[in-house]
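Text of the file final24.tsv, holding TSV, C-alpha atoms:
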```tsv
chain	number	residue	atom	x	y	z
A	1	MET	CA	0.61	-30.97	-103.35
A	2	ASP	CA	-1.63	-33.81	-102.17
A	3	SER	CA	1.11	-35.26	-99.98
A	4	VAL	CA	1.67	-31.86	-98.36
A	5	LEU	CA	-2.05	-31.68	-97.56
A	6	ALA	CA	-2.04	-35.20	-96.12
A	7	MET	CA	0.99	-34.51	-93.95
A	8	SER	CA	-0.60	-31.25	-92.77
A	9	ALA	CA	-3.67	-33.16	-91.59
A	10	LEU	CA	-1.41	-35.61	-89.70
A	11	ALA	CA	0.56	-32.71	-88.22
A	12	ALA	CA	-2.67	-31.07	-87.04
A	13	GLY	CA	-3.55	-34.28	-85.22
A	14	ILE	CA	-0.13	-34.43	-83.59
A	15	ALA	CA	-0.30	-30.76	-82.56
A	16	VAL	CA	-3.51	-31.36	-80.63
A	17	LEU	CA	-1.68	-34.03	-78.55
A	18	THR	CA	-0.37	-31.12	-76.42
A	19	ALA	CA	-3.77	-31.32	-74.73
A	20	ALA	CA	-2.58	-34.49	-72.93
A	21	GLY	CA	-0.03	-32.52	-70.91
A	22	ALA	CA	-2.51	-29.82	-69.99
A	23	GLY	CA	-5.04	-32.44	-68.94
A	24	ILE	CA	-2.55	-34.17	-66.63
A	25	GLY	CA	-1.50	-30.83	-65.15
A	26	GLN	CA	-5.05	-29.67	-64.49
A	27	GLY	CA	-5.87	-33.03	-62.96
A	28	PHE	CA	-2.97	-32.71	-60.48
A	29	ALA	CA	-3.96	-29.14	-59.64
A	30	THR	CA	-7.61	-30.07	-59.04
A	31	GLY	CA	-6.62	-33.05	-56.88
A	32	LYS	CA	-4.43	-30.86	-54.69
A	33	ALA	CA	-7.20	-28.26	-54.44
A	34	VAL	CA	-9.67	-30.93	-53.27
A	35	GLU	CA	-7.15	-32.05	-50.64
A	36	ALA	CA	-6.72	-28.47	-49.47
A	37	ILE	CA	-10.49	-27.90	-49.24
A	38	ALA	CA	-10.91	-31.17	-47.31
A	39	ARG	CA	-8.28	-30.01	-44.83
A	40	GLN	CA	-9.52	-26.43	-44.56
A	41	PRO	CA	-13.13	-26.06	-45.74
A	42	GLU	CA	-13.38	-22.42	-44.63
A	43	ALA	CA	-10.72	-21.36	-47.19
A	44	ARG	CA	-12.84	-22.71	-50.06
A	45	GLY	CA	-13.36	-19.40	-51.86
A	46	SER	CA	-9.74	-18.36	-52.16
A	47	ILE	CA	-8.63	-21.92	-53.04
A	48	MET	CA	-11.21	-22.08	-55.82
A	49	SER	CA	-10.18	-18.76	-57.38
A	50	THR	CA	-6.48	-19.69	-57.21
A	51	LEU	CA	-7.29	-23.05	-58.80
A	52	LEU	CA	-9.21	-21.43	-61.66
A	53	ILE	CA	-6.37	-19.04	-62.45
A	54	GLY	CA	-3.78	-21.83	-62.25
A	55	ALA	CA	-5.83	-24.13	-64.45
A	56	ALA	CA	-6.24	-21.35	-67.02
A	57	VAL	CA	-2.49	-20.75	-67.10
A	58	ALA	CA	-1.78	-24.49	-67.39
A	59	GLU	CA	-4.19	-24.64	-70.30
A	60	THR	CA	-2.21	-22.16	-72.39
A	61	THR	CA	0.12	-24.72	-74.00
A	62	ALA	CA	-2.84	-26.85	-75.08
A	63	ILE	CA	-4.44	-23.78	-76.62
A	64	TYR	CA	-1.23	-23.06	-78.55
A	65	GLY	CA	-1.30	-26.60	-79.97
A	66	PHE	CA	-4.95	-26.19	-80.87
A	67	VAL	CA	-4.31	-22.89	-82.66
A	68	ILE	CA	-1.44	-24.49	-84.64
A	69	ALA	CA	-3.78	-27.32	-85.67
A	70	LEU	CA	-6.39	-24.80	-86.82
A	71	LEU	CA	-3.77	-22.91	-88.84
A	72	LEU	CA	-2.70	-26.15	-90.53
A	73	LEU	CA	-6.27	-27.13	-91.37
A	74	PHE	CA	-7.90	-23.86	-92.44
A	75	VAL	CA	-5.24	-21.30	-93.45
A	76	ASN	CA	-2.42	-23.68	-94.37
A	77	PRO	CA	0.67	-21.59	-95.19
A	78	LEU	CA	2.42	-24.58	-96.84
A	79	ILE	CA	0.10	-24.92	-99.84
A	80	LYS	CA	-0.24	-21.27	-100.85
S	1	MET	CA	-17.67	-27.64	-93.31
S	2	ASP	CA	-17.17	-23.90	-93.17
S	3	PHE	CA	-15.90	-22.14	-90.06
S	4	THR	CA	-14.57	-19.04	-91.76
S	5	ASN	CA	-15.52	-15.53	-90.78
S	6	HIS	CA	-17.82	-14.65	-93.70
S	7	ARG	CA	-17.32	-11.37	-95.51
S	8	ILE	CA	-20.43	-9.23	-95.75
S	9	TRP	CA	-19.49	-5.91	-97.32
S	10	PRO	CA	-16.24	-4.70	-98.97
S	11	LEU	CA	-15.09	-1.48	-97.34
S	12	PHE	CA	-11.97	-0.15	-99.12
S	13	THR	CA	-8.84	-1.37	-100.88
S	14	ILE	CA	-5.21	-0.74	-99.94
S	15	LYS	CA	-2.52	-1.97	-102.39
S	16	GLY	CA	-4.73	-4.74	-103.77
S	17	HIS	CA	-5.90	-5.97	-100.35
S	18	THR	CA	-9.58	-5.39	-99.74
S	19	VAL	CA	-10.80	-4.75	-96.20
S	20	TYR	CA	-14.19	-6.28	-95.51
S	21	ILE	CA	-16.92	-5.88	-92.94
S	22	THR	CA	-17.06	-9.44	-91.59
S	23	GLU	CA	-19.66	-11.37	-89.63
S	24	SER	CA	-17.81	-10.84	-86.36
S	25	ILE	CA	-17.59	-7.05	-86.86
S	26	PHE	CA	-21.34	-7.03	-87.47
S	27	ALA	CA	-21.89	-9.04	-84.28
S	28	THR	CA	-19.65	-6.57	-82.40
S	29	TRP	CA	-21.88	-3.70	-83.51
S	30	ILE	CA	-24.98	-5.48	-82.26
S	31	ILE	CA	-23.32	-6.21	-78.90
S	32	MET	CA	-22.12	-2.62	-78.63
S	33	ALA	CA	-25.66	-1.36	-79.29
S	34	VAL	CA	-27.15	-3.70	-76.67
S	35	LEU	CA	-24.59	-2.76	-74.03
S	36	PHE	CA	-24.99	0.94	-74.84
S	37	ILE	CA	-28.77	0.85	-74.52
S	38	PHE	CA	-28.50	-1.15	-71.29
S	39	THR	CA	-26.01	1.35	-69.85
S	40	ILE	CA	-28.18	4.37	-70.71
S	41	ALA	CA	-31.25	2.66	-69.28
S	42	ALA	CA	-29.37	1.81	-66.08
S	43	ARG	CA	-28.17	5.43	-65.79
S	44	TYR	CA	-31.72	6.76	-66.04
S	45	LYS	CA	-32.86	4.15	-63.54
S	46	ILE	CA	-30.41	5.59	-60.96
S	47	ASN	CA	-32.63	8.70	-60.62
S	48	SER	CA	-35.40	6.59	-59.12
S	49	PHE	CA	-33.18	4.58	-56.76
S	50	LYS	CA	-34.39	4.28	-53.17
S	51	GLU	CA	-32.61	4.07	-49.86
S	52	ARG	CA	-34.04	0.60	-49.22
S	53	PRO	CA	-34.68	-1.26	-52.48
S	54	ALA	CA	-37.27	-4.02	-52.74
S	55	ALA	CA	-35.85	-7.55	-52.84
S	56	GLY	CA	-35.15	-8.77	-56.39
S	57	SER	CA	-35.42	-5.34	-57.97
S	58	ILE	CA	-33.18	-4.05	-60.75
S	59	GLN	CA	-31.46	-1.77	-58.27
S	60	ASN	CA	-30.42	-4.81	-56.22
S	61	LEU	CA	-29.00	-6.51	-59.30
S	62	LEU	CA	-27.03	-3.45	-60.43
S	63	GLU	CA	-25.64	-2.81	-56.97
S	64	LEU	CA	-24.61	-6.46	-56.65
S	65	ALA	CA	-22.76	-6.33	-59.99
S	66	VAL	CA	-20.95	-3.06	-59.23
S	67	GLU	CA	-20.08	-4.08	-55.69
S	68	SER	CA	-18.72	-7.52	-56.61
S	69	MET	CA	-16.54	-5.97	-59.33
S	70	HIS	CA	-15.30	-3.35	-56.87
S	71	ASN	CA	-14.40	-6.04	-54.33
S	72	MET	CA	-12.63	-8.08	-57.01
S	73	ALA	CA	-10.61	-5.04	-58.12
S	74	GLU	CA	-9.70	-4.15	-54.57
S	75	SER	CA	-8.54	-7.67	-53.65
S	76	ASN	CA	-6.59	-8.20	-56.88
S	77	LEU	CA	-5.18	-4.72	-57.48
S	78	GLY	CA	-4.86	-3.24	-54.01
S	79	LYS	CA	-6.38	-0.01	-52.65
S	80	ARG	CA	-4.28	2.37	-54.71
S	81	LEU	CA	-5.14	0.90	-58.11
S	82	SER	CA	-8.75	-0.04	-57.38
S	83	TRP	CA	-10.00	2.83	-59.60
S	84	LEU	CA	-9.28	0.49	-62.53
S	85	GLY	CA	-12.32	-1.56	-61.49
S	86	GLY	CA	-14.54	0.53	-63.75
S	87	TYR	CA	-12.45	-0.30	-66.81
S	88	PHE	CA	-12.46	-3.99	-65.96
S	89	PHE	CA	-16.23	-3.92	-65.45
S	90	GLY	CA	-16.52	-2.76	-69.06
S	91	VAL	CA	-14.08	-5.39	-70.31
S	92	PHE	CA	-15.87	-8.12	-68.37
S	93	ALA	CA	-19.30	-7.10	-69.66
S	94	PHE	CA	-18.04	-6.91	-73.24
S	95	ILE	CA	-16.31	-10.32	-73.21
S	96	LEU	CA	-19.31	-11.91	-71.49
S	97	ALA	CA	-21.73	-10.44	-74.03
S	98	CYS	CA	-19.45	-11.59	-76.88
S	99	ASN	CA	-19.25	-15.15	-75.56
S	100	TYR	CA	-22.99	-15.37	-74.96
S	101	SER	CA	-23.81	-13.95	-78.40
S	102	SER	CA	-23.48	-17.42	-79.94
S	103	LEU	CA	-26.66	-18.35	-78.06
S	104	PHE	CA	-28.44	-15.93	-80.41
S	105	LYS	CA	-26.86	-17.45	-83.54
S	106	LEU	CA	-24.40	-14.59	-83.96
S	107	ARG	CA	-20.76	-15.36	-84.58
S	108	PRO	CA	-19.02	-14.53	-81.27
S	109	PRO	CA	-16.57	-11.64	-81.89
S	110	THR	CA	-14.09	-13.40	-79.58
S	111	THR	CA	-13.65	-16.07	-82.28
S	112	ASP	CA	-11.94	-13.33	-84.30
S	113	PHE	CA	-8.31	-12.95	-83.26
S	114	ALA	CA	-8.44	-9.19	-83.90
S	115	THR	CA	-10.90	-8.67	-81.01
S	116	THR	CA	-8.93	-10.65	-78.44
S	117	LEU	CA	-5.62	-9.12	-79.55
S	118	ALA	CA	-7.09	-5.62	-79.15
S	119	LEU	CA	-8.23	-6.44	-75.61
S	120	ALA	CA	-4.86	-7.97	-74.73
S	121	LEU	CA	-2.97	-4.97	-76.14
S	122	ASN	CA	-5.10	-2.69	-73.93
S	123	THR	CA	-3.88	-4.70	-70.95
S	124	PHE	CA	-0.28	-4.55	-72.23
S	125	PHE	CA	-0.51	-0.77	-72.54
S	126	LEU	CA	-1.99	-0.46	-69.04
S	127	ILE	CA	0.70	-2.69	-67.49
S	128	HIS	CA	3.61	-0.63	-68.78
S	129	VAL	CA	2.13	2.86	-68.59
S	130	LEU	CA	0.92	2.34	-65.02
S	131	GLY	CA	4.23	0.70	-64.14
S	132	LEU	CA	6.12	3.77	-65.37
S	133	VAL	CA	3.70	6.23	-63.75
S	134	TYR	CA	3.53	4.55	-60.35
S	135	ARG	CA	7.06	3.21	-59.88
S	136	LYS	CA	9.25	5.17	-62.32
S	137	GLY	CA	12.88	4.05	-61.82
S	138	GLU	CA	11.98	0.91	-59.91
S	139	TYR	CA	9.96	-0.23	-62.91
S	140	LEU	CA	12.98	0.01	-65.21
S	141	LYS	CA	15.19	-1.77	-62.68
S	142	ASP	CA	12.87	-4.79	-62.88
S	143	TYR	CA	14.27	-5.57	-66.33
S	144	PHE	CA	17.78	-6.09	-64.93
S	145	LYS	CA	16.75	-8.60	-62.27
S	146	PRO	CA	18.39	-10.79	-61.01
S	147	ILE	CA	21.44	-9.58	-63.03
S	148	PHE	CA	21.74	-7.55	-66.25
S	149	VAL	CA	22.37	-10.68	-68.40
S	150	PHE	CA	18.67	-11.50	-68.08
S	151	LEU	CA	17.55	-8.35	-69.95
S	152	PRO	CA	16.57	-10.17	-73.23
S	153	THR	CA	14.77	-12.91	-71.31
S	154	ASN	CA	12.78	-10.35	-69.33
S	155	ILE	CA	11.81	-8.44	-72.48
S	156	ILE	CA	10.63	-11.62	-74.22
S	157	GLY	CA	8.71	-12.55	-71.08
S	158	GLU	CA	6.91	-9.21	-71.15
S	159	LEU	CA	6.11	-9.52	-74.86
S	160	SER	CA	4.67	-13.02	-74.42
S	161	ARG	CA	1.98	-11.78	-72.00
S	162	PRO	CA	-0.42	-10.22	-74.52
S	163	VAL	CA	0.16	-13.23	-76.81
S	164	SER	CA	-0.83	-15.76	-74.17
S	165	LEU	CA	-3.75	-13.62	-72.92
S	166	SER	CA	-5.23	-13.19	-76.39
S	167	PHE	CA	-4.67	-16.79	-77.53
S	168	ARG	CA	-6.25	-18.18	-74.35
S	169	LEU	CA	-9.53	-16.35	-74.91
S	170	PHE	CA	-9.49	-16.88	-78.68
S	171	GLY	CA	-8.68	-20.61	-78.55
S	172	ASN	CA	-11.23	-21.47	-75.87
S	173	ILE	CA	-14.13	-19.71	-77.55
S	174	LEU	CA	-13.22	-20.80	-81.08
S	175	GLY	CA	-12.84	-24.41	-79.91
S	176	GLY	CA	-16.32	-24.38	-78.39
S	177	PHE	CA	-17.76	-22.70	-81.47
S	178	ILE	CA	-16.26	-25.30	-83.85
S	179	MET	CA	-17.42	-28.20	-81.66
S	180	LEU	CA	-20.99	-26.90	-81.65
S	181	GLU	CA	-20.96	-26.33	-85.42
S	182	LEU	CA	-19.72	-29.90	-85.93
S	183	LEU	CA	-22.46	-31.17	-83.62
S	184	TYR	CA	-25.16	-29.27	-85.51
S	185	ALA	CA	-23.82	-30.57	-88.82
S	186	SER	CA	-23.61	-34.19	-87.67
S	187	LEU	CA	-27.04	-34.48	-85.98
S	188	PRO	CA	-30.14	-35.17	-88.08
S	189	ALA	CA	-32.60	-32.28	-88.05
S	190	VAL	CA	-34.98	-33.94	-85.57
S	191	PHE	CA	-32.36	-34.08	-82.79
S	192	ARG	CA	-31.19	-30.49	-83.19
S	193	ILE	CA	-33.86	-29.24	-80.80
S	194	ALA	CA	-32.80	-30.29	-77.29
S	195	ILE	CA	-29.49	-32.20	-77.44
S	196	PRO	CA	-27.18	-29.28	-78.37
S	197	ASP	CA	-28.55	-27.31	-75.39
S	198	ILE	CA	-26.41	-29.36	-73.01
S	199	PHE	CA	-23.30	-28.49	-74.97
S	200	HIS	CA	-24.41	-24.86	-75.31
S	201	PHE	CA	-24.70	-24.74	-71.54
S	202	TYR	CA	-21.14	-25.97	-71.04
S	203	GLU	CA	-19.36	-24.34	-73.98
S	204	ASP	CA	-21.07	-20.95	-74.03
S	205	ILE	CA	-22.48	-20.28	-70.59
S	206	PHE	CA	-19.88	-21.96	-68.34
S	207	ILE	CA	-16.68	-21.55	-70.39
S	208	GLY	CA	-17.76	-18.10	-71.60
S	209	ALA	CA	-18.20	-16.73	-68.08
S	210	LEU	CA	-15.05	-18.49	-66.85
S	211	GLN	CA	-12.89	-17.05	-69.63
S	212	ALA	CA	-14.25	-13.53	-69.13
S	213	PHE	CA	-13.46	-13.81	-65.41
S	214	ILE	CA	-9.99	-15.23	-66.04
S	215	PHE	CA	-9.11	-12.54	-68.58
S	216	CYS	CA	-9.95	-9.83	-66.03
S	217	VAL	CA	-8.21	-11.52	-63.09
S	218	LEU	CA	-5.02	-12.25	-65.04
S	219	SER	CA	-4.91	-8.68	-66.40
S	220	MET	CA	-5.31	-7.33	-62.86
S	221	THR	CA	-2.58	-9.64	-61.54
S	222	PHE	CA	-0.16	-8.55	-64.27
S	223	ILE	CA	-0.89	-4.86	-63.64
S	224	LYS	CA	-0.44	-5.25	-59.90
S	225	GLU	CA	2.84	-7.09	-60.40
S	226	LYS	CA	4.32	-4.15	-62.34
S	227	ALA	CA	2.59	-1.11	-60.86
S	228	SER	CA	2.29	-1.81	-57.15
S	229	GLU	CA	5.14	-1.70	-54.65
S	230	GLU	CA	3.58	-3.52	-51.74
S	231	GLU	CA	3.36	-6.92	-53.45
S	232	ALA	CA	5.65	-9.75	-52.38
```

As structure tokens - that is how I would like this structure written.
Amino acid sequence: MDSVLAMSALAAGIAVLTAAGAGIGQGFATGKAVEAIARQPEARGSIMSTLLIGAAVAETTAIYGFVIALLLLFVNPLIK
Amino acid sequence: MDFTNHRIWPLFTIKGHTVYITESIFATWIIMAVLFIFTIAARYKINSFKERPAAGSIQNLLELAVESMHNMAESNLGKRLSWLGGYFFGVFAFILACNYSSLFKLRPPTTDFATTLALALNTFFLIHVLGLVYRKGEYLKDYFKPIFVFLPTNIIGELSRPVSLSFRLFGNILGGFIMLELLYASLPAVFRIAIPDIFHFYEDIFIGALQAFIFCVLSMTFIKEKASEEEA
């Protein structure tokens, strides 16, 4: 039972590593948005709203990893 | 450390499972009462509205809120579906009030998956009912695009929308909530006065408003995709 708990804690840590991918993706998106605003400052409003929606969609996978980590830590199905 | 949704009052029992009134349900009631009172007060205020309001008056504020939501609905949904703006104004106000409720030491109802799933299922219902009402046969043909082999993939794609919508809101708010609880637990009592404010500003005020906005915009985009013909 103790080893299952220990491995669950490790697995929760690994699950949160999905945030790395989302971070890289959001960084690329923001960089491109800054380039676009520098080229065309008058289109700032629509670029910003598109960026926010895109960043939120890119974030989804990281949120899935985070939710899995929470499940493993607080409502662990393996040690019921 | 305890992040669970505390049970306050047992309600009834079905087959050995007891249903409880939890902290987040209690917070939802408070938010509902506040929004309800605000709405009634705003409705009575309409009687005394003037043709030319004074700068910075309540009338200005209300008109700004209604008009910006109307513009958002019209640009995201198109002219024909812009009547949904009223519904999304309600959703936006509710999510925003939920996210800001942690500033008043309530447990935000959006940290309870039941709340976010209910909101996402509302959107799911709207997507498909409006799709059927507005496009009829064309709507059903969408499931067989590009060829009929893709039918299972399309169905799974549709089912994953409420899941991703609800988990996005839930995960963001719960993550901020847990981080702030950890911060409060780790700081000595003297430093709990000003330092957490910075994190409250980011986690509750910025992320809370952003997630409420994104929930509405994504719901509108999904509805437009299914229910409107003129989109590319």

Next on the checklist: Within 8 Å of chain S, which residues belong to chain A? Use all atoms listed in the file and report them as a PyMOL selection string.
Outcome noted: chain A and resi 52-53+56+59-60+63-64+66-67

Item to check | Test item: residues at most 12 Å from Ala36 of chain A, only C-alpha atoms, excluding those fewer than 3 positions along its chain, as a PyMOL selection string | outcome: chain A and resi 29-33+39-48+50-51

Would you kindly return, as a PDB file with C-alpha atoms, keeping the file's coordinate frame, each protein, DNA or RNA residue with an atom no farther than 10 Å from any atom of Gly176 of chain S, considering only C-alpha atoms and excluding same-chain residues fewer than 4 positions away?
```pdb
ATOM      1  CA  THR S 111     -13.650 -16.070 -82.280  1.00  0.00           C
ATOM      2  CA  GLY S 171      -8.680 -20.610 -78.550  1.00  0.00           C
ATOM      3  CA  ASN S 172     -11.230 -21.470 -75.870  1.00  0.00           C
ATOM      4  CA  LEU S 180     -20.990 -26.900 -81.650  1.00  0.00           C
ATOM      5  CA  GLU S 181     -20.960 -26.330 -85.420  1.00  0.00           C
ATOM      6  CA  LEU S 182     -19.720 -29.900 -85.930  1.00  0.00           C
ATOM      7  CA  PHE S 199     -23.300 -28.490 -74.970  1.00  0.00           C
ATOM      8  CA  HIS S 200     -24.410 -24.860 -75.310  1.00  0.00           C
ATOM      9  CA  TYR S 202     -21.140 -25.970 -71.040  1.00  0.00           C
ATOM     10  CA  GLU S 203     -19.360 -24.340 -73.980  1.00  0.00           C
ATOM     11  CA  ASP S 204     -21.070 -20.950 -74.030  1.00  0.00           C
ATOM     12  CA  ILE S 207     -16.680 -21.550 -70.390  1.00  0.00           C
ATOM     13  CA  GLY S 208     -17.760 -18.100 -71.600  1.00  0.00           C
TER      14      GLY S 208
END
```

Next on the checklist: Restricting the calculation to only C-alpha atoms: of S:Ala73, S:Ile147, S:Ile155, S:Leu103, which residue gets closest to Ser219 of chain S?
Outcome noted: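 Using only C-alpha atoms, the shortest distance to Ser219 of chain S belongs to S:Ala73.
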
Checklist entry - By how many Å are atom CA of Asn71 of chain S and atom CA of Val91 of chain S apart? => result 16.0 Å

Item to check | Non-local contacts of Ala6 of chain A (12 Å; all atoms listed in the file; under 6 positions in same chain excluded) as a list in words | outcome: Ala12, Gly13, Leu72, Leu73, Asn76, Leu78 and Ile79 of chain A

Checklist entry - Within 8 Å of Ala19 of chain A, counting only C-alpha atoms, which residues qualify if same-chain residues fewer than 6 places away don't, as a list in words? => result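 The residues satisfying every condition are Thr61, Ala62, Ile63 and Gly65 of chain A.
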
Compile the contact shell of Tyr20 of chain S as a CSV table (one decimal) with C-alpha atoms, in the frame of the given file: residues with an atom at most 6 Å away, counting all atoms listed in the file, same-chain residues fewer than 6 positions apart removed.
```csv
chain,number,residue,atom,x,y,z
S,7,ARG,CA,-17.3,-11.4,-95.5
S,9,TRP,CA,-19.5,-5.9,-97.3
S,10,PRO,CA,-16.2,-4.7,-99.0
S,11,LEU,CA,-15.1,-1.5,-97.3
```

Checklist entry - So what do you get for atom CA of Ala97 of chain S versus atom CA of Ala118 of chain S, distance-wise? => result 16.2 Å

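Taking atom CA of Ser228 of chain S and atom CA of Phe144 of chain S as the two end points, the separation is 17.9 Å.
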
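For the choices S:Lys50, S:Arg43, S:Arg80, S:Arg107, the atom-to-atom distance to Asn5 of chain S is smallest for S:Arg107 when using all atoms listed in the file.
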
Item to check | Closest of S:Arg161, S:His70, S:Arg52, S:Lys15 to Phe125 of chain S - atom-to-atom distances counting all atoms listed in the file | outcome: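 The closest residue to Phe125 of chain S is S:Arg161.
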
Reconstructed segment 61-85 of chain S, atom set N, CA and C atoms, as an mmCIF file, in the frame of the given file:
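Wrote it out as selection-v2.cif, contents follow:
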```
data_model
loop_
_atom_site.group_PDB
_atom_site.id
_atom_site.type_symbol
_atom_site.label_atom_id
_atom_site.label_comp_id
_atom_site.auth_asym_id
_atom_site.auth_seq_id
_atom_site.Cartn_x
_atom_site.Cartn_y
_atom_site.Cartn_z
ATOM 1 N N LEU S 61 -29.855 -5.802 -58.335
ATOM 2 C CA LEU S 61 -29.000 -6.510 -59.300
ATOM 3 C C LEU S 61 -27.811 -5.642 -59.695
ATOM 4 N N LEU S 62 -28.100 -4.353 -60.003
ATOM 5 C CA LEU S 62 -27.030 -3.450 -60.430
ATOM 6 C C LEU S 62 -26.032 -3.231 -59.312
ATOM 7 N N GLU S 63 -26.548 -3.048 -58.087
ATOM 8 C CA GLU S 63 -25.640 -2.810 -56.970
ATOM 9 C C GLU S 63 -24.782 -4.031 -56.695
ATOM 10 N N LEU S 64 -25.375 -5.224 -56.842
ATOM 11 C CA LEU S 64 -24.610 -6.460 -56.650
ATOM 12 C C LEU S 64 -23.474 -6.535 -57.662
ATOM 13 N N ALA S 65 -23.774 -6.238 -58.950
ATOM 14 C CA ALA S 65 -22.760 -6.330 -59.990
ATOM 15 C C ALA S 65 -21.623 -5.357 -59.733
ATOM 16 N N VAL S 66 -21.985 -4.090 -59.436
ATOM 17 C CA VAL S 66 -20.950 -3.060 -59.230
ATOM 18 C C VAL S 66 -20.118 -3.388 -57.994
ATOM 19 N N GLU S 67 -20.806 -3.845 -56.935
ATOM 20 C CA GLU S 67 -20.080 -4.080 -55.690
ATOM 21 C C GLU S 67 -19.150 -5.282 -55.815
ATOM 22 N N SER S 68 -19.597 -6.348 -56.507
ATOM 23 C CA SER S 68 -18.720 -7.520 -56.610
ATOM 24 C C SER S 68 -17.496 -7.184 -57.463
ATOM 25 N N MET S 69 -17.694 -6.353 -58.511
ATOM 26 C CA MET S 69 -16.540 -5.970 -59.330
ATOM 27 C C MET S 69 -15.583 -5.090 -58.523
ATOM 28 N N HIS S 70 -16.147 -4.209 -57.695
ATOM 29 C CA HIS S 70 -15.300 -3.350 -56.870
ATOM 30 C C HIS S 70 -14.482 -4.180 -55.885
ATOM 31 N N ASN S 71 -15.128 -5.186 -55.264
ATOM 32 C CA ASN S 71 -14.400 -6.040 -54.330
ATOM 33 C C ASN S 71 -13.297 -6.818 -55.029
ATOM 34 N N MET S 72 -13.614 -7.315 -56.257
ATOM 35 C CA MET S 72 -12.630 -8.080 -57.010
ATOM 36 C C MET S 72 -11.422 -7.202 -57.350
ATOM 37 N N ALA S 73 -11.700 -5.945 -57.775
ATOM 38 C CA ALA S 73 -10.610 -5.040 -58.120
ATOM 39 C C ALA S 73 -9.767 -4.724 -56.903
ATOM 40 N N GLU S 74 -10.454 -4.539 -55.746
ATOM 41 C CA GLU S 74 -9.700 -4.150 -54.570
ATOM 42 C C GLU S 74 -8.831 -5.299 -54.068
ATOM 43 N N SER S 75 -9.347 -6.558 -54.155
ATOM 44 C CA SER S 75 -8.540 -7.670 -53.650
ATOM 45 C C SER S 75 -7.429 -8.043 -54.617
ATOM 46 N N ASN S 76 -7.616 -7.810 -55.929
ATOM 47 C CA ASN S 76 -6.590 -8.200 -56.880
ATOM 48 C C ASN S 76 -5.601 -7.091 -57.196
ATOM 49 N N LEU S 77 -6.049 -5.827 -57.080
ATOM 50 C CA LEU S 77 -5.180 -4.720 -57.480
ATOM 51 C C LEU S 77 -4.638 -3.933 -56.297
ATOM 52 N N GLY S 78 -5.264 -4.059 -55.147
ATOM 53 C CA GLY S 78 -4.860 -3.240 -54.010
ATOM 54 C C GLY S 78 -5.626 -1.932 -53.988
ATOM 55 N N LYS S 79 -5.588 -1.233 -52.832
ATOM 56 C CA LYS S 79 -6.380 -0.010 -52.650
ATOM 57 C C LYS S 79 -6.033 1.077 -53.670
ATOM 58 N N ARG S 80 -4.726 1.227 -53.935
ATOM 59 C CA ARG S 80 -4.280 2.370 -54.710
ATOM 60 C C ARG S 80 -4.728 2.296 -56.170
ATOM 61 N N LEU S 81 -4.812 1.061 -56.696
ATOM 62 C CA LEU S 81 -5.140 0.900 -58.110
ATOM 63 C C LEU S 81 -6.592 0.505 -58.324
ATOM 64 N N SER S 82 -7.411 0.525 -57.245
ATOM 65 C CA SER S 82 -8.750 -0.040 -57.380
ATOM 66 C C SER S 82 -9.646 0.802 -58.287
ATOM 67 N N TRP S 83 -9.212 2.029 -58.669
ATOM 68 C CA TRP S 83 -10.000 2.830 -59.600
ATOM 69 C C TRP S 83 -10.085 2.178 -60.985
ATOM 70 N N LEU S 84 -9.207 1.192 -61.251
ATOM 71 C CA LEU S 84 -9.280 0.490 -62.530
ATOM 72 C C LEU S 84 -10.478 -0.447 -62.613
ATOM 73 N N GLY S 85 -11.172 -0.660 -61.487
ATOM 74 C CA GLY S 85 -12.320 -1.560 -61.490
ATOM 75 C C GLY S 85 -13.372 -1.187 -62.525
#
```
